[in-house]
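Structure file work26.cif; described as mmCIF, C-alpha atoms and all ligand atoms.
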```cif
data_query
loop_
_atom_site.label_atom_id
_atom_site.label_comp_id
_atom_site.auth_asym_id
_atom_site.auth_seq_id
_atom_site.Cartn_x
_atom_site.Cartn_y
_atom_site.Cartn_z
CA MET U 132 21.39 38.94 212.06
CA ILE U 133 18.44 36.95 213.44
CA GLU U 134 17.04 40.02 215.20
CA GLU U 135 17.42 42.05 212.01
CA ALA U 136 15.55 39.42 209.97
CA LYS U 137 12.86 39.25 212.65
CA GLY U 138 12.40 43.03 212.48
CA ILE U 139 12.02 42.99 208.69
CA VAL U 140 9.42 40.19 208.82
CA GLU U 141 7.49 41.92 211.60
CA GLY U 142 7.40 45.08 209.50
CA LEU U 143 5.82 43.21 206.57
CA THR U 144 2.90 41.58 208.39
CA PRO U 145 0.93 42.18 211.59
CA LEU U 146 0.55 38.38 211.96
CA ARG U 147 2.65 36.64 214.64
CA PRO U 148 3.14 32.95 213.78
CA GLU U 149 2.63 30.21 216.35
CA VAL U 150 3.52 27.20 214.22
CA GLY U 151 6.25 26.90 211.58
CA VAL U 152 6.36 24.50 208.65
CA VAL U 153 9.27 23.79 206.34
CA LEU U 154 8.24 22.45 202.95
CA GLY U 155 10.77 20.20 201.23
CA SER U 156 11.57 19.47 197.58
CA GLY U 157 8.42 19.63 195.45
CA LEU U 158 6.27 20.00 198.59
CA GLY U 159 5.76 23.77 198.59
CA ALA U 160 2.04 23.77 197.68
CA PHE U 161 0.82 24.06 201.27
CA ALA U 162 2.07 27.66 201.54
CA ASP U 163 -0.61 28.80 199.06
CA GLU U 164 -3.38 27.55 201.37
CA LEU U 165 -2.83 30.23 204.00
CA ALA U 166 -5.37 33.08 204.27
CA GLU U 167 -4.49 36.79 204.78
CA ARG U 168 -1.13 35.67 203.49
CA VAL U 169 2.02 37.69 203.07
CA ASP U 170 4.64 36.04 200.84
CA ILE U 171 8.16 37.22 201.62
CA PRO U 172 10.82 36.12 199.11
CA TYR U 173 13.93 35.02 201.00
CA VAL U 174 16.03 37.59 199.12
CA GLN U 175 14.12 40.33 200.96
CA ILE U 176 15.15 39.06 204.40
CA PRO U 177 18.68 40.00 205.53
CA GLY U 178 20.83 36.94 206.20
CA TRP U 179 18.30 34.46 204.85
CA PRO U 180 19.98 31.87 202.60
CA VAL U 181 18.40 31.60 199.17
CA SER U 182 17.98 27.97 198.12
CA THR U 183 19.50 26.96 194.82
CA ALA U 184 17.89 23.50 194.67
CA VAL U 185 15.43 22.72 191.87
CA GLY U 186 11.88 22.45 193.25
CA HIS U 187 12.49 24.95 196.04
CA ALA U 188 10.58 28.20 195.65
CA GLY U 189 12.35 30.30 198.24
CA LYS U 190 9.77 32.26 200.17
CA LEU U 191 8.42 32.66 203.66
CA ALA U 192 4.61 32.66 203.67
CA ILE U 193 2.88 33.90 206.80
CA GLY U 194 -0.88 33.54 207.02
CA LYS U 195 -3.87 32.02 208.77
CA LEU U 196 -5.19 28.51 208.89
CA GLY U 197 -8.51 29.15 210.64
CA GLU U 198 -7.58 30.72 213.99
CA LEU U 199 -3.97 29.58 213.82
CA THR U 200 -1.18 31.76 212.45
CA VAL U 201 1.37 29.74 210.46
CA ALA U 202 4.77 30.56 208.99
CA ALA U 203 5.55 28.31 206.03
CA MET U 204 9.03 28.14 204.53
CA ALA U 205 8.75 27.03 200.91
CA GLY U 206 12.29 25.93 200.24
CA ARG U 207 15.23 25.46 202.60
CA ALA U 208 19.01 25.73 202.51
CA HIS U 209 21.04 22.50 202.45
CA LEU U 210 24.64 21.83 203.45
CA TYR U 211 25.28 20.34 200.00
CA GLU U 212 24.61 23.74 198.44
CA GLY U 213 27.64 25.01 200.33
CA TYR U 214 25.74 26.68 203.16
CA THR U 215 27.13 26.59 206.69
CA PRO U 216 25.21 24.85 209.48
CA ALA U 217 24.31 28.31 210.84
CA GLN U 218 22.76 29.24 207.49
CA VAL U 219 20.88 25.92 207.31
CA VAL U 220 19.19 26.65 210.67
CA PHE U 221 18.76 30.41 210.13
CA GLY U 222 15.07 30.10 209.18
CA THR U 223 14.29 28.00 212.23
CA ARG U 224 15.96 30.55 214.50
CA VAL U 225 14.16 33.51 212.91
CA LEU U 226 10.83 31.72 213.34
CA GLY U 227 11.80 31.02 216.95
CA ALA U 228 12.53 34.72 217.46
CA LEU U 229 9.12 35.52 215.93
CA GLY U 230 7.47 33.41 218.62
CA VAL U 231 7.00 30.04 216.92
CA ARG U 232 6.99 27.22 219.50
CA SER U 233 6.17 24.27 217.22
CA MET U 234 8.01 23.26 214.04
CA VAL U 235 6.94 20.79 211.38
CA TYR U 236 9.69 19.72 208.98
CA THR U 237 8.78 17.96 205.76
CA ASN U 238 11.28 16.44 203.39
CA ALA U 239 11.79 14.15 200.44
CA ALA U 240 13.53 10.94 201.41
CA GLY U 241 14.69 7.64 200.02
CA GLY U 242 13.03 4.52 201.44
CA ILE U 243 15.46 2.11 203.10
CA ASN U 244 12.96 -0.06 204.96
CA LEU U 245 11.65 -2.62 202.48
CA ARG U 246 8.11 -2.22 203.83
CA LEU U 247 8.01 1.36 202.51
CA GLU U 248 6.64 2.34 199.12
CA ARG U 249 7.27 5.29 196.85
CA GLY U 250 4.75 8.02 197.63
CA GLY U 251 4.32 6.93 201.24
CA LEU U 252 4.50 9.24 204.25
CA VAL U 253 6.69 8.52 207.27
CA LEU U 254 6.55 10.28 210.63
CA ILE U 255 10.10 10.80 211.81
CA ALA U 256 10.40 9.07 215.19
CA ASP U 257 14.11 9.81 215.58
CA HIS U 258 17.16 10.69 213.52
CA ILE U 259 20.75 9.66 212.95
CA ASN U 260 22.98 12.62 212.11
CA LEU U 261 25.63 11.47 209.63
CA GLN U 262 26.28 14.95 208.24
CA GLY U 263 29.39 15.35 210.38
CA VAL U 264 28.41 18.78 211.69
CA ASN U 265 26.14 20.30 214.32
CA PRO U 266 24.64 23.81 214.27
CA LEU U 267 25.39 24.24 217.98
CA VAL U 268 29.17 23.97 217.59
CA GLY U 269 30.89 27.12 218.86
CA PRO U 270 30.16 29.39 221.81
CA ASN U 271 26.69 28.71 223.22
CA ASP U 272 24.19 31.53 223.43
CA ASP U 273 22.70 30.69 226.83
CA ALA U 274 19.81 33.04 226.07
CA LEU U 275 18.75 30.73 223.22
CA GLY U 276 19.18 27.37 224.90
CA PRO U 277 21.45 25.03 226.88
CA ARG U 278 25.01 24.05 225.96
CA PHE U 279 24.13 20.34 225.87
CA PRO U 280 20.49 20.01 224.81
CA ASP U 281 18.70 16.74 225.45
CA MET U 282 17.62 14.96 222.25
CA SER U 283 15.70 12.00 223.69
CA ASP U 284 12.34 13.36 222.50
CA ALA U 285 13.70 15.36 219.54
CA TYR U 286 10.59 14.48 217.49
CA SER U 287 7.86 15.01 220.06
CA HIS U 288 6.15 11.77 221.04
CA ALA U 289 3.01 13.75 221.85
CA TYR U 290 3.00 15.37 218.40
CA ARG U 291 3.48 11.99 216.72
CA GLN U 292 0.48 10.60 218.59
CA ILE U 293 -1.62 13.56 217.38
CA ALA U 294 -0.30 13.13 213.82
CA LYS U 295 -1.23 9.43 213.78
CA LEU U 296 -4.72 10.24 215.02
CA VAL U 297 -5.25 12.94 212.38
CA ALA U 298 -3.89 10.68 209.62
CA ALA U 299 -6.28 7.91 210.67
CA GLU U 300 -9.22 10.34 210.64
CA LEU U 301 -8.34 11.35 207.07
CA PHE U 302 -7.61 7.75 205.96
CA ILE U 303 -4.03 8.75 205.12
CA PRO U 304 -1.66 5.80 205.55
CA ILE U 305 1.40 6.77 207.56
CA THR U 306 4.17 4.83 209.31
CA GLU U 307 6.92 5.82 211.72
CA GLY U 308 10.63 5.55 211.11
CA VAL U 309 14.16 6.71 211.75
CA TYR U 310 15.59 9.35 209.38
CA ALA U 311 19.29 9.19 208.52
CA ALA U 312 20.79 12.45 207.26
CA MET U 313 23.63 12.34 204.74
CA LEU U 314 25.59 15.33 203.46
CA GLY U 315 24.88 14.66 199.77
CA PRO U 316 24.56 15.84 197.09
CA SER U 317 25.38 12.46 195.54
CA TYR U 318 22.83 9.81 196.37
CA GLU U 319 24.05 6.92 198.49
CA THR U 320 25.74 3.80 197.18
CA PRO U 321 23.99 0.45 197.65
CA ALA U 322 26.62 -0.43 200.29
CA GLU U 323 25.84 2.78 202.18
CA ILE U 324 22.14 1.91 202.11
CA ARG U 325 22.85 -1.57 203.53
CA TYR U 326 24.92 0.13 206.24
CA LEU U 327 22.12 2.60 207.01
CA ARG U 328 19.60 -0.25 207.25
CA ALA U 329 21.95 -2.12 209.60
CA ILE U 330 22.24 0.87 211.96
CA GLY U 331 18.48 1.25 212.15
CA ALA U 332 17.53 3.85 209.55
CA ASP U 333 14.22 3.57 207.67
CA VAL U 334 14.56 6.60 205.39
CA VAL U 335 17.47 8.70 204.17
CA GLY U 336 17.71 12.32 203.14
CA MET U 337 19.92 15.40 203.08
CA SER U 338 18.06 17.83 205.32
CA THR U 339 16.03 18.31 208.51
CA VAL U 340 18.38 17.05 211.26
CA LEU U 341 20.34 20.28 211.75
CA GLU U 342 17.08 22.22 211.79
CA ALA U 343 15.57 19.80 214.29
CA ILE U 344 18.66 20.16 216.51
CA ALA U 345 18.41 23.98 216.44
CA ALA U 346 14.67 23.79 217.17
CA ASN U 347 15.23 21.48 220.14
CA HIS U 348 17.95 23.82 221.38
CA LEU U 349 15.36 26.62 221.35
CA GLY U 350 12.96 24.43 223.31
CA MET U 351 10.52 24.06 220.42
CA LYS U 352 8.46 20.95 219.86
CA VAL U 353 9.23 19.25 216.56
CA LEU U 354 7.38 17.01 214.14
CA GLY U 355 9.05 15.54 211.05
CA ILE U 356 7.33 14.09 207.99
CA SER U 357 9.24 12.32 205.23
CA CYS U 358 7.75 11.73 201.84
CA VAL U 359 9.26 8.59 200.30
CA THR U 360 10.07 9.84 196.82
CA ASN U 361 12.09 6.82 195.74
CA MET U 362 13.39 3.56 197.08
CA ALA U 363 17.00 4.04 198.21
CA ALA U 364 19.98 2.96 196.11
CA GLY U 365 20.36 -0.73 195.30
CA ILE U 366 16.85 -1.76 196.35
CA LEU U 367 15.34 -1.61 192.87
CA PRO U 368 17.27 -2.45 189.69
CA GLN U 369 17.25 1.17 188.52
CA LYS U 370 19.07 4.45 188.99
CA ILE U 371 17.82 7.33 191.14
CA HIS U 372 17.01 10.58 189.33
CA HIS U 373 16.17 13.93 190.90
CA GLU U 374 13.19 14.10 188.48
CA GLU U 375 11.62 11.01 190.04
CA VAL U 376 12.06 12.62 193.45
CA LEU U 377 10.20 15.74 192.30
CA GLU U 378 7.49 13.67 190.54
CA ALA U 379 6.75 11.75 193.73
CA GLY U 380 6.49 15.09 195.52
CA VAL U 381 3.77 16.07 193.05
CA MET U 382 2.03 12.69 193.64
CA VAL U 383 1.73 13.23 197.41
CA ARG U 384 1.27 16.99 197.29
CA ASP U 385 -2.52 17.01 197.69
CA THR U 386 -2.40 14.39 200.45
CA LEU U 387 0.28 16.32 202.32
CA VAL U 388 -1.68 19.59 202.02
CA ARG U 389 -4.81 17.89 203.37
CA PHE U 390 -2.80 16.35 206.20
CA LEU U 391 -1.05 19.59 207.22
CA LYS U 392 -4.29 21.59 207.12
CA ALA U 393 -5.93 19.20 209.55
CA LEU U 394 -2.83 18.59 211.66
CA LEU U 395 -1.36 22.03 212.40
CA PRO U 396 -4.37 23.40 214.33
CA ARG U 397 -4.20 20.31 216.56
CA LEU U 398 -0.58 20.82 217.65
CA GLU U 399 -0.55 22.46 221.07
CA ALA U 400 2.55 24.41 222.01
N1 LIG U 501 18.82 9.67 199.28
C1 LIG U 501 19.07 10.85 199.89
N2 LIG U 501 18.24 11.88 199.84
C2 LIG U 501 17.09 11.72 199.17
C3 LIG U 501 16.76 10.53 198.53
C4 LIG U 501 17.68 9.45 198.58
O1 LIG U 501 17.46 8.36 198.03
N3 LIG U 501 15.53 10.73 197.94
C5 LIG U 501 15.15 11.99 198.26
N4 LIG U 501 16.09 12.60 199.00
#
```

Encoded form (structure tokens):
Amino acid sequence: MIEEAKGIVEGLTPLRPEVGVVLGSGLGAFADELAERVDIPYVQIPGWPVSTAVGHAGKLAIGKLGELTVAAMAGRAHLYEGYTPAQVVFGTRVLGALGVRSMVYTNAAGGINLRLERGGLVLIADHINLQGVNPLVGPNDDALGPRFPDMSDAYSHAYRQIAKLVAAELFIPITEGVYAAMLGPSYETPAEIRYLRAIGADVVGMSTVLEAIAANHLGMKVLGISCVTNMAAGILPQKIHHEEVLEAGVMVRDTLVRFLKALLPRLEA
């Protein structure tokens, strides 16, 4: 299935991507910045899960950012939509087959650390997988990667150093933190947020970790960027609405586009 998808994509553009970006809820604007771009709706790619989440466009954009060729996924599949772990990581594996060696995952996340603010950006330093599944369960394809992949530098330290440097150059405030992944789709309870804070999480979301596991399995280098779209449950005396999550995505959209444009060409494979 991955080889078939790869073949279809290769038939639609002569460009061969080096870096992949996944754009989370309300964060799809970056895809439109690519030059010589080919937009491939997910429905045209065999096996590619079509996202049902509001704020997810559902296309693979391949184009140029200066000299660099980038594949941008606007929209991703989530477990809470009913997709299997294999479907959730399908895009990552197709990009890997196309030759991508570096992946940047963006997502919307709730802020658990009280020092965070809505609209802030967080570099993912590490993750805690609380989704109860792993995309590598089942027979291992030794051609793709090892049975027991190391995850001690899952979010490349070198890439985080580059990202901090680029953010400083652009005067974009950014912190580092641990991302906890929940299954969703319900938001967490206040007790769950206290638990997540106690185990060392700074932000919480419903994506990214399975993709990051699959990317590490393939030997790719990974960078993760969370956009704090809301403070997590129980921190503020108000309910969490999906609309506020999307609104915050719009608030940081321009900043994130500026950041990614400067950052991607600096990520060496
Ligand atoms: N919890 C889980 N996922 C999220 C949140 C949240 O508060 N905000 C955006 N994605």

Counting all atoms listed in the file, the residue of U:Pro148, U:Gly365, U:Pro177, U:Gly206 that sits nearest ligand LIG 501 (chain U): U:Gly365

Selected residue of minimal separation from Leu341 (chain U) among U:Tyr236, U:Phe279, U:Tyr326, U:Phe302, counting only C-alpha atoms: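 Closest to Leu341 (chain U), using only C-alpha atoms: U:Tyr236.
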
Protein and nucleic acid residues within 9 Å of ligand LIG 501 (chain U) (all atoms listed in the file) as a VMD selection string: chain U and resid 156 238 to 243 311 to 319 324 334 to 338 358 to 364 371 to 373 375 to 377

Between CA of Gly159 (chain U) and CA of Ala332 (chain U), distance in Å (one decimal):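 That distance, rounded to one decimal, is 25.6 Å.
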
Neighbour list for Gly138 (chain U) as an MDAnalysis selection string, cut-off 12 Å, all atoms listed in the file, skip fewer than 4 positions in-chain: chainID U and resid 132:134 142:145 147 175:177 225:226 228:229

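The neighbours of Lys392 (chain U) here are the residues that come within 12 Å of it, using only C-alpha atoms and leaving out any residue fewer than 6 positions away in the same chain; they are Val150, Val152, Ala160, Phe161, Ala162, Asp163, Glu164, Leu165, Ala166, Lys195, Leu196, Gly197, Glu198, Leu199, Thr200, Val201, Ala203, Ala294, Val297, Ala298, Leu301, Asp385, Thr386 and Leu398 of chain U.
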
Near-Glu307 (chain U) list (9 Å; all atoms listed in the file; drop same-chain fewer than 2 positions) as a VMD selection string: chain U and resid 252 to 256 291 305 309 333

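Nearest to Met204 (chain U) of all the residues U:Glu378, U:Glu300, U:Glu141, U:Asp170 is U:Asp170, counting only C-alpha atoms.
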
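The residue that comes closest to Ala329 (chain U), out of U:Ala274, U:Ala192, U:Asn244, U:Leu349 and on the basis of only C-alpha atoms, is U:Asn244.
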
Separation of CA of Lys137 (chain U) from CA of Leu267 (chain U) in Å: 20.3 Å

Which residue of U:Tyr214, U:Gly380, U:Ser233, U:Leu367 approaches Tyr290 (chain U) most closely, using all atoms listed in the file: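 Ranking U:Tyr214, U:Gly380, U:Ser233, U:Leu367 by distance to Tyr290 (chain U), first place goes to U:Ser233.
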